[in-house]
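*Asks:* What follows is work_27.pdb; its format and atoms are PDB, C-alpha atoms.
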ATOM      1  CA  MET R  28     -16.927  19.642 -18.474  1.00  0.00           C
ATOM      2  CA  THR R  29     -17.743  18.614 -14.937  1.00  0.00           C
ATOM      3  CA  LYS R  30     -15.921  16.291 -12.590  1.00  0.00           C
ATOM      4  CA  ALA R  31     -18.293  13.470 -13.568  1.00  0.00           C
ATOM      5  CA  ASP R  32     -17.366  13.883 -17.257  1.00  0.00           C
ATOM      6  CA  LEU R  33     -13.697  13.917 -16.328  1.00  0.00           C
ATOM      7  CA  ILE R  34     -14.046  10.697 -14.323  1.00  0.00           C
ATOM      8  CA  ASP R  35     -15.910   9.142 -17.233  1.00  0.00           C
ATOM      9  CA  GLU R  36     -13.147   9.890 -19.720  1.00  0.00           C
ATOM     10  CA  VAL R  37     -10.303   8.930 -17.406  1.00  0.00           C
ATOM     11  CA  SER R  38     -11.928   5.592 -16.577  1.00  0.00           C
ATOM     12  CA  LYS R  39     -12.098   4.733 -20.291  1.00  0.00           C
ATOM     13  CA  ILE R  40      -8.481   5.637 -20.956  1.00  0.00           C
ATOM     14  CA  ALA R  41      -7.107   4.033 -17.794  1.00  0.00           C
ATOM     15  CA  ASN R  42      -9.335   0.976 -18.081  1.00  0.00           C
ATOM     16  CA  MET R  43     -10.555   1.336 -14.515  1.00  0.00           C
ATOM     17  CA  THR R  44     -14.045   1.316 -13.059  1.00  0.00           C
ATOM     18  CA  LYS R  45     -15.750   4.641 -12.529  1.00  0.00           C
ATOM     19  CA  LYS R  46     -15.654   4.072  -8.797  1.00  0.00           C
ATOM     20  CA  GLU R  47     -11.893   3.513  -8.774  1.00  0.00           C
ATOM     21  CA  THR R  48     -11.369   6.472 -11.047  1.00  0.00           C
ATOM     22  CA  GLU R  49     -13.486   8.690  -8.843  1.00  0.00           C
ATOM     23  CA  THR R  50     -11.278   7.847  -5.868  1.00  0.00           C
ATOM     24  CA  ILE R  51      -8.183   8.725  -7.866  1.00  0.00           C
ATOM     25  CA  VAL R  52      -9.556  11.994  -9.227  1.00  0.00           C
ATOM     26  CA  ASN R  53     -10.717  13.005  -5.748  1.00  0.00           C
ATOM     27  CA  THR R  54      -7.278  12.132  -4.388  1.00  0.00           C
ATOM     28  CA  ILE R  55      -5.662  14.493  -6.878  1.00  0.00           C
ATOM     29  CA  PHE R  56      -7.835  17.500  -6.043  1.00  0.00           C
ATOM     30  CA  ASP R  57      -7.822  16.725  -2.312  1.00  0.00           C
ATOM     31  CA  ASN R  58      -4.045  16.644  -2.325  1.00  0.00           C
ATOM     32  CA  ILE R  59      -3.822  19.959  -4.120  1.00  0.00           C
ATOM     33  CA  THR R  60      -6.205  21.441  -1.550  1.00  0.00           C
ATOM     34  CA  ASP R  61      -4.239  19.973   1.360  1.00  0.00           C
ATOM     35  CA  ALA R  62      -0.968  21.317   0.042  1.00  0.00           C
ATOM     36  CA  LEU R  63      -2.506  24.768  -0.342  1.00  0.00           C
ATOM     37  CA  SER R  64      -3.998  24.755   3.125  1.00  0.00           C
ATOM     38  CA  LYS R  65      -0.520  24.026   4.484  1.00  0.00           C
ATOM     39  CA  GLY R  66       0.678  27.066   2.589  1.00  0.00           C
ATOM     40  CA  ASP R  67       2.472  24.983  -0.021  1.00  0.00           C
ATOM     41  CA  LYS R  68       2.644  25.903  -3.661  1.00  0.00           C
ATOM     42  CA  VAL R  69       1.500  23.356  -6.229  1.00  0.00           C
ATOM     43  CA  GLU R  70       3.326  23.465  -9.522  1.00  0.00           C
ATOM     44  CA  LEU R  71       2.066  21.501 -12.495  1.00  0.00           C
ATOM     45  CA  ARG R  72       4.387  21.935 -15.456  1.00  0.00           C
ATOM     46  CA  GLY R  73       2.732  23.329 -18.546  1.00  0.00           C
ATOM     47  CA  PHE R  74      -0.575  23.595 -16.746  1.00  0.00           C
ATOM     48  CA  GLY R  75      -0.038  26.204 -14.108  1.00  0.00           C
ATOM     49  CA  SER R  76       0.554  26.680 -10.430  1.00  0.00           C
ATOM     50  CA  PHE R  77      -1.684  27.080  -7.434  1.00  0.00           C
ATOM     51  CA  ARG R  78      -0.643  29.175  -4.496  1.00  0.00           C
ATOM     52  CA  ILE R  79      -2.074  31.057  -1.570  1.00  0.00           C
ATOM     53  CA  ARG R  80      -2.456  34.798  -1.465  1.00  0.00           C
ATOM     54  CA  HIS R  81      -3.037  36.753   1.694  1.00  0.00           C
ATOM     55  CA  ARG R  82      -5.691  39.405   1.955  1.00  0.00           C
ATOM     56  CA  ASN R  83      -5.372  41.917   4.774  1.00  0.00           C
ATOM     57  CA  SER R  84      -8.365  42.785   6.859  1.00  0.00           C
ATOM     58  CA  ARG R  85     -10.202  45.829   5.619  1.00  0.00           C
ATOM     59  CA  LYS R  86     -13.263  47.921   6.210  1.00  0.00           C
ATOM     60  CA  GLY R  87     -16.046  46.955   3.887  1.00  0.00           C
ATOM     61  CA  ARG R  88     -19.550  48.176   3.465  1.00  0.00           C
ATOM     62  CA  ASN R  89     -22.788  46.312   3.424  1.00  0.00           C
ATOM     63  CA  PRO R  90     -24.022  47.328  -0.013  1.00  0.00           C
ATOM     64  CA  LYS R  91     -27.629  47.043   1.059  1.00  0.00           C
ATOM     65  CA  THR R  92     -27.585  49.099   4.232  1.00  0.00           C
ATOM     66  CA  GLY R  93     -24.408  51.091   3.731  1.00  0.00           C
ATOM     67  CA  SER R  94     -23.219  50.227   7.218  1.00  0.00           C
ATOM     68  CA  SER R  95     -19.506  49.673   7.706  1.00  0.00           C
ATOM     69  CA  VAL R  96     -18.355  46.132   8.448  1.00  0.00           C
ATOM     70  CA  ASP R  97     -14.978  44.597   9.216  1.00  0.00           C
ATOM     71  CA  VAL R  98     -13.749  42.135   6.631  1.00  0.00           C
ATOM     72  CA  PRO R  99     -11.264  39.868   8.422  1.00  0.00           C
ATOM     73  CA  GLN R 100      -7.929  38.950   6.889  1.00  0.00           C
ATOM     74  CA  LYS R 101      -8.013  35.751   4.907  1.00  0.00           C
ATOM     75  CA  ARG R 102      -6.149  33.501   2.556  1.00  0.00           C
ATOM     76  CA  VAL R 103      -7.366  32.985  -0.969  1.00  0.00           C
ATOM     77  CA  PRO R 104      -6.297  30.361  -3.489  1.00  0.00           C
ATOM     78  CA  PHE R 105      -4.746  31.732  -6.646  1.00  0.00           C
ATOM     79  CA  PHE R 106      -4.125  29.963  -9.925  1.00  0.00           C
ATOM     80  CA  LYS R 107      -1.491  31.196 -12.318  1.00  0.00           C
ATOM     81  CA  VAL R 108      -1.983  29.797 -15.794  1.00  0.00           C
ATOM     82  CA  GLY R 109       1.085  28.087 -17.242  1.00  0.00           C
ATOM     83  CA  LYS R 110       2.645  29.347 -20.430  1.00  0.00           C
ATOM     84  CA  ARG R 111       1.679  26.358 -22.546  1.00  0.00           C
ATOM     85  CA  LEU R 112      -1.920  26.474 -21.384  1.00  0.00           C
ATOM     86  CA  ARG R 113      -2.143  30.230 -21.788  1.00  0.00           C
ATOM     87  CA  GLU R 114      -0.991  29.957 -25.386  1.00  0.00           C
ATOM     88  CA  LEU R 115      -3.312  27.055 -26.079  1.00  0.00           C
ATOM     89  CA  VAL R 116      -6.365  28.932 -24.782  1.00  0.00           C
ATOM     90  CA  ASN R 117      -5.576  31.980 -26.868  1.00  0.00           C
ATOM     91  CA  ALA R 118      -4.749  29.995 -30.025  1.00  0.00           C
TER      92      ALA R 118
ATOM     93  CA  MET L   1       4.277  20.119  -4.485  1.00  0.00           C
ATOM     94  CA  THR L   2       4.719  18.863  -8.024  1.00  0.00           C
ATOM     95  CA  LYS L   3       3.055  16.362 -10.290  1.00  0.00           C
ATOM     96  CA  ASN L   4       5.344  13.687  -8.872  1.00  0.00           C
ATOM     97  CA  ASP L   5       3.851  14.167  -5.387  1.00  0.00           C
ATOM     98  CA  LEU L   6       0.398  13.730  -6.857  1.00  0.00           C
ATOM     99  CA  VAL L   7       1.541  10.507  -8.537  1.00  0.00           C
ATOM    100  CA  ASN L   8       2.780   9.225  -5.162  1.00  0.00           C
ATOM    101  CA  ALA L   9      -0.511  10.128  -3.497  1.00  0.00           C
ATOM    102  CA  VAL L  10      -2.391   8.201  -6.182  1.00  0.00           C
ATOM    103  CA  ALA L  11      -0.014   5.258  -5.869  1.00  0.00           C
ATOM    104  CA  ALA L  12      -0.934   5.047  -2.185  1.00  0.00           C
ATOM    105  CA  HIS L  13      -4.287   3.684  -3.368  1.00  0.00           C
ATOM    106  CA  GLY L  14      -2.646   0.476  -4.547  1.00  0.00           C
ATOM    107  CA  LEU L  15      -1.670   1.415  -8.080  1.00  0.00           C
ATOM    108  CA  SER L  16       1.816   0.915  -9.432  1.00  0.00           C
ATOM    109  CA  LYS L  17       3.964   3.996  -9.857  1.00  0.00           C
ATOM    110  CA  ARG L  18       3.716   3.655 -13.619  1.00  0.00           C
ATOM    111  CA  GLN L  19      -0.078   3.313 -13.585  1.00  0.00           C
ATOM    112  CA  SER L  20      -0.458   6.243 -11.213  1.00  0.00           C
ATOM    113  CA  SER L  21       1.694   8.385 -13.401  1.00  0.00           C
ATOM    114  CA  SER L  22      -0.350   7.593 -16.492  1.00  0.00           C
ATOM    115  CA  VAL L  23      -3.641   8.262 -14.690  1.00  0.00           C
ATOM    116  CA  VAL L  24      -2.436  11.641 -13.412  1.00  0.00           C
ATOM    117  CA  GLU L  25      -1.221  12.488 -16.915  1.00  0.00           C
ATOM    118  CA  SER L  26      -4.583  11.568 -18.425  1.00  0.00           C
ATOM    119  CA  VAL L  27      -6.456  13.725 -15.946  1.00  0.00           C
ATOM    120  CA  PHE L  28      -4.514  16.816 -16.962  1.00  0.00           C
ATOM    121  CA  ASP L  29      -4.508  15.801 -20.645  1.00  0.00           C
ATOM    122  CA  ILE L  30      -8.282  15.602 -20.661  1.00  0.00           C
ATOM    123  CA  ILE L  31      -8.620  18.961 -18.950  1.00  0.00           C
ATOM    124  CA  PHE L  32      -6.141  20.390 -21.462  1.00  0.00           C
ATOM    125  CA  ARG L  33      -8.119  19.108 -24.417  1.00  0.00           C
ATOM    126  CA  CYS L  34     -11.248  20.591 -22.924  1.00  0.00           C
ATOM    127  CA  PHE L  35      -9.636  24.034 -22.833  1.00  0.00           C
ATOM    128  CA  GLU L  36      -8.424  23.474 -26.380  1.00  0.00           C
ATOM    129  CA  ARG L  37     -12.049  23.107 -27.459  1.00  0.00           C
ATOM    130  CA  GLY L  38     -12.824  26.307 -25.572  1.00  0.00           C
ATOM    131  CA  GLU L  39     -14.857  24.527 -22.940  1.00  0.00           C
ATOM    132  CA  ASP L  40     -15.000  25.413 -19.239  1.00  0.00           C
ATOM    133  CA  VAL L  41     -14.089  22.889 -16.577  1.00  0.00           C
ATOM    134  CA  LYS L  42     -15.986  22.697 -13.328  1.00  0.00           C
ATOM    135  CA  ILE L  43     -14.733  20.555 -10.466  1.00  0.00           C
ATOM    136  CA  VAL L  44     -17.236  20.416  -7.625  1.00  0.00           C
ATOM    137  CA  GLY L  45     -15.622  21.279  -4.300  1.00  0.00           C
ATOM    138  CA  PHE L  46     -12.523  22.653  -5.979  1.00  0.00           C
ATOM    139  CA  GLY L  47     -13.273  25.348  -8.465  1.00  0.00           C
ATOM    140  CA  HIS L  48     -14.299  26.465 -11.888  1.00  0.00           C
ATOM    141  CA  PHE L  49     -11.888  27.106 -14.756  1.00  0.00           C
ATOM    142  CA  ARG L  50     -13.403  29.515 -17.231  1.00  0.00           C
ATOM    143  CA  ILE L  51     -12.289  30.838 -20.556  1.00  0.00           C
ATOM    144  CA  ARG L  52     -13.055  34.519 -20.844  1.00  0.00           C
ATOM    145  CA  LYS L  53     -12.907  36.689 -23.895  1.00  0.00           C
ATOM    146  CA  LYS L  54     -11.187  40.011 -23.481  1.00  0.00           C
ATOM    147  CA  ALA L  55     -11.891  42.794 -25.915  1.00  0.00           C
ATOM    148  CA  SER L  56      -8.978  44.705 -27.355  1.00  0.00           C
ATOM    149  CA  ARG L  57      -8.088  47.852 -25.461  1.00  0.00           C
ATOM    150  CA  ARG L  58      -5.513  50.571 -25.403  1.00  0.00           C
ATOM    151  CA  GLY L  59      -2.686  50.062 -23.020  1.00  0.00           C
ATOM    152  CA  ARG L  60       0.492  51.893 -22.248  1.00  0.00           C
ATOM    153  CA  ASN L  61       4.021  50.646 -22.159  1.00  0.00           C
ATOM    154  CA  PRO L  62       4.874  51.496 -18.554  1.00  0.00           C
ATOM    155  CA  GLN L  63       8.531  51.957 -19.435  1.00  0.00           C
ATOM    156  CA  THR L  64       8.248  54.323 -22.372  1.00  0.00           C
ATOM    157  CA  GLY L  65       4.736  55.650 -21.773  1.00  0.00           C
ATOM    158  CA  GLU L  66       3.788  55.056 -25.384  1.00  0.00           C
ATOM    159  CA  SER L  67       0.264  53.966 -26.130  1.00  0.00           C
ATOM    160  CA  ILE L  68      -0.136  50.529 -27.644  1.00  0.00           C
ATOM    161  CA  GLU L  69      -3.017  48.350 -28.647  1.00  0.00           C
ATOM    162  CA  ILE L  70      -3.631  45.263 -26.510  1.00  0.00           C
ATOM    163  CA  THR L  71      -5.265  42.815 -28.899  1.00  0.00           C
ATOM    164  CA  ALA L  72      -8.439  40.895 -28.132  1.00  0.00           C
ATOM    165  CA  ARG L  73      -7.615  37.589 -26.492  1.00  0.00           C
ATOM    166  CA  ARG L  74      -8.927  34.664 -24.572  1.00  0.00           C
ATOM    167  CA  VAL L  75      -7.700  34.068 -21.063  1.00  0.00           C
ATOM    168  CA  LEU L  76      -8.245  31.321 -18.562  1.00  0.00           C
ATOM    169  CA  THR L  77      -9.445  32.214 -15.097  1.00  0.00           C
ATOM    170  CA  PHE L  78      -9.851  30.081 -12.001  1.00  0.00           C
ATOM    171  CA  LYS L  79     -12.644  30.722  -9.569  1.00  0.00           C
ATOM    172  CA  PRO L  80     -12.143  28.731  -6.374  1.00  0.00           C
ATOM    173  CA  SER L  81     -15.230  27.048  -4.985  1.00  0.00           C
ATOM    174  CA  LYS L  82     -16.625  27.878  -1.580  1.00  0.00           C
ATOM    175  CA  GLY L  83     -15.387  24.549  -0.225  1.00  0.00           C
ATOM    176  CA  LEU L  84     -11.814  25.195  -1.309  1.00  0.00           C
ATOM    177  CA  LYS L  85     -11.808  28.709   0.152  1.00  0.00           C
ATOM    178  CA  GLN L  86     -13.135  27.398   3.434  1.00  0.00           C
ATOM    179  CA  ARG L  87     -10.610  24.579   3.663  1.00  0.00           C
ATOM    180  CA  ILE L  88      -7.780  26.982   3.032  1.00  0.00           C
ATOM    181  CA  ASN L  89      -8.892  29.302   5.801  1.00  0.00           C
ATOM    182  CA  THR L  90      -9.577  26.672   8.431  1.00  0.00           C
ATOM    183  CA  ALA L  91      -6.021  25.345   8.190  1.00  0.00           C
ATOM    184  CA  THR L  92      -4.030  25.449  11.389  1.00  0.00           C
ATOM    185  CA  SER L  93      -0.615  26.529  10.255  1.00  0.00           C
TER     186      SER L  93
END
Starting from the coordinates I provided, produce the structure as structure tokens.
*Replies:*
Amino acid sequence: MTKADLIDEVSKIANMTKKETETIVNTIFDNITDALSKGDKVELRGFGSFRIRHRNSRKGRNPKTGSSVDVPQKRVPFFKVGKRLRELVNA
Amino acid sequence: MTKNDLVNAVAAHGLSKRQSSSVVESVFDIIFRCFERGEDVKIVGFGHFRIRKKASRRGRNPQTGESIEITARRVLTFKPSKGLKQRINTATS
């Protein structure tokens, strides 16, 4: 399923136009992203939680040339699957 | 941030609190049902939720050291999109 399919289905259930629904769906994912970029944790009961994990800088290697490169420290988004969803996927 | 904050953000677009709540619920319901069918979900600019099959393997109980069988299972993984990773690293916090 893609975002377009999601918007399609939501618009039918919510009885809204696709355009309106698209705005709403974008709002949801934009807000999750914003919260994460502020370092906030996003908890969606039953679904899972999104949080930020820190990666320290490290020495990496260019796999093609073998030369050593610095990989700067960074923040990566991490999703922890909720219990209900984890069980549902494995059912 | 919780689901309630998302409902408020949606309500800021001129929907009633009740409407916003039901739209947010449907979004996650639909995604849920997709996973139930074993389908992946791809949200452009956000990330890709994939269902991966893990083969059974031998594991060890770290407390007792005894060898146990970890059964084959399906797990959900999230791969953040490039856009999401970039937005998280350009934040000024």
*Asks:* Determine the axis-aligned bounding box of all atoms of stretch 18-34 of chain L present in the file, pad each side by 4 Å, and express its centre and edge lengths in Å to one decimal place as lines of an AutoDock Vina configuration file.
*Replies:*
center_x = -3.8
center_y = 12.0
center_z = -17.8
size_x = 23.0
size_y = 25.3
size_z = 21.2
*Asks:* Which residues match the PyMOL selection byres ((chain R) within 6 of (chain L)) in the file above, as a PyMOL selection string?
*Replies:* chain R and resi 28-30+64+69-71+102+117
*Asks:* Which of these residues is nearest to R:Thr50, using all atoms listed in the file: L:Asn61, L:Gly14, L:Glu69, L:Lys82?
*Replies:* L:Gly14
*Asks:* Have a look at atom CA of R:Asp32 and atom CA of R:Asp67 and let me know their distance in Å, one decimal.
*Replies:* 28.5 Å
*Asks:* Please compute the atom CA of L:Ala55-atom CA of L:Thr71 distance, one decimal, in Å.
*Replies:*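 A separation of 7.3 Å between them.
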*Asks:* Applied to this file, what does the PyMOL selection byres ((chain R and resi 73-81) around 7) return in terms of residues, put as a ChimeraX atom specification?
*Replies:* /R:63,66-72,82-83,101-112
*Asks:* Take the residues just selected and output them with C-alpha atoms as a PDB file, in the frame of the given file.
*Replies:*
ATOM      1  CA  LEU R  63      -2.506  24.768  -0.342  1.00  0.00           C
ATOM      2  CA  GLY R  66       0.678  27.066   2.589  1.00  0.00           C
ATOM      3  CA  ASP R  67       2.472  24.983  -0.021  1.00  0.00           C
ATOM      4  CA  LYS R  68       2.644  25.903  -3.661  1.00  0.00           C
ATOM      5  CA  VAL R  69       1.500  23.356  -6.229  1.00  0.00           C
ATOM      6  CA  GLU R  70       3.326  23.465  -9.522  1.00  0.00           C
ATOM      7  CA  LEU R  71       2.066  21.501 -12.495  1.00  0.00           C
ATOM      8  CA  ARG R  72       4.387  21.935 -15.456  1.00  0.00           C
ATOM      9  CA  ARG R  82      -5.691  39.405   1.955  1.00  0.00           C
ATOM     10  CA  ASN R  83      -5.372  41.917   4.774  1.00  0.00           C
ATOM     11  CA  LYS R 101      -8.013  35.751   4.907  1.00  0.00           C
ATOM     12  CA  ARG R 102      -6.149  33.501   2.556  1.00  0.00           C
ATOM     13  CA  VAL R 103      -7.366  32.985  -0.969  1.00  0.00           C
ATOM     14  CA  PRO R 104      -6.297  30.361  -3.489  1.00  0.00           C
ATOM     15  CA  PHE R 105      -4.746  31.732  -6.646  1.00  0.00           C
ATOM     16  CA  PHE R 106      -4.125  29.963  -9.925  1.00  0.00           C
ATOM     17  CA  LYS R 107      -1.491  31.196 -12.318  1.00  0.00           C
ATOM     18  CA  VAL R 108      -1.983  29.797 -15.794  1.00  0.00           C
ATOM     19  CA  GLY R 109       1.085  28.087 -17.242  1.00  0.00           C
ATOM     20  CA  LYS R 110       2.645  29.347 -20.430  1.00  0.00           C
ATOM     21  CA  ARG R 111       1.679  26.358 -22.546  1.00  0.00           C
ATOM     22  CA  LEU R 112      -1.920  26.474 -21.384  1.00  0.00           C
TER      23      LEU R 112
END
*Asks:* Can you give me, as a ChimeraX atom specification, the residues this file yields under the PyMOL selection byres ((chain R and resi 37) around 9)?
*Replies:* /R:32-36,38-43,45,48,52 /L:23,26-27,30
*Asks:* What is the atom CA of R:Asp61-atom CA of R:Asp97 distance in Å, reported with one decimal?
*Replies:* 28.0 Å
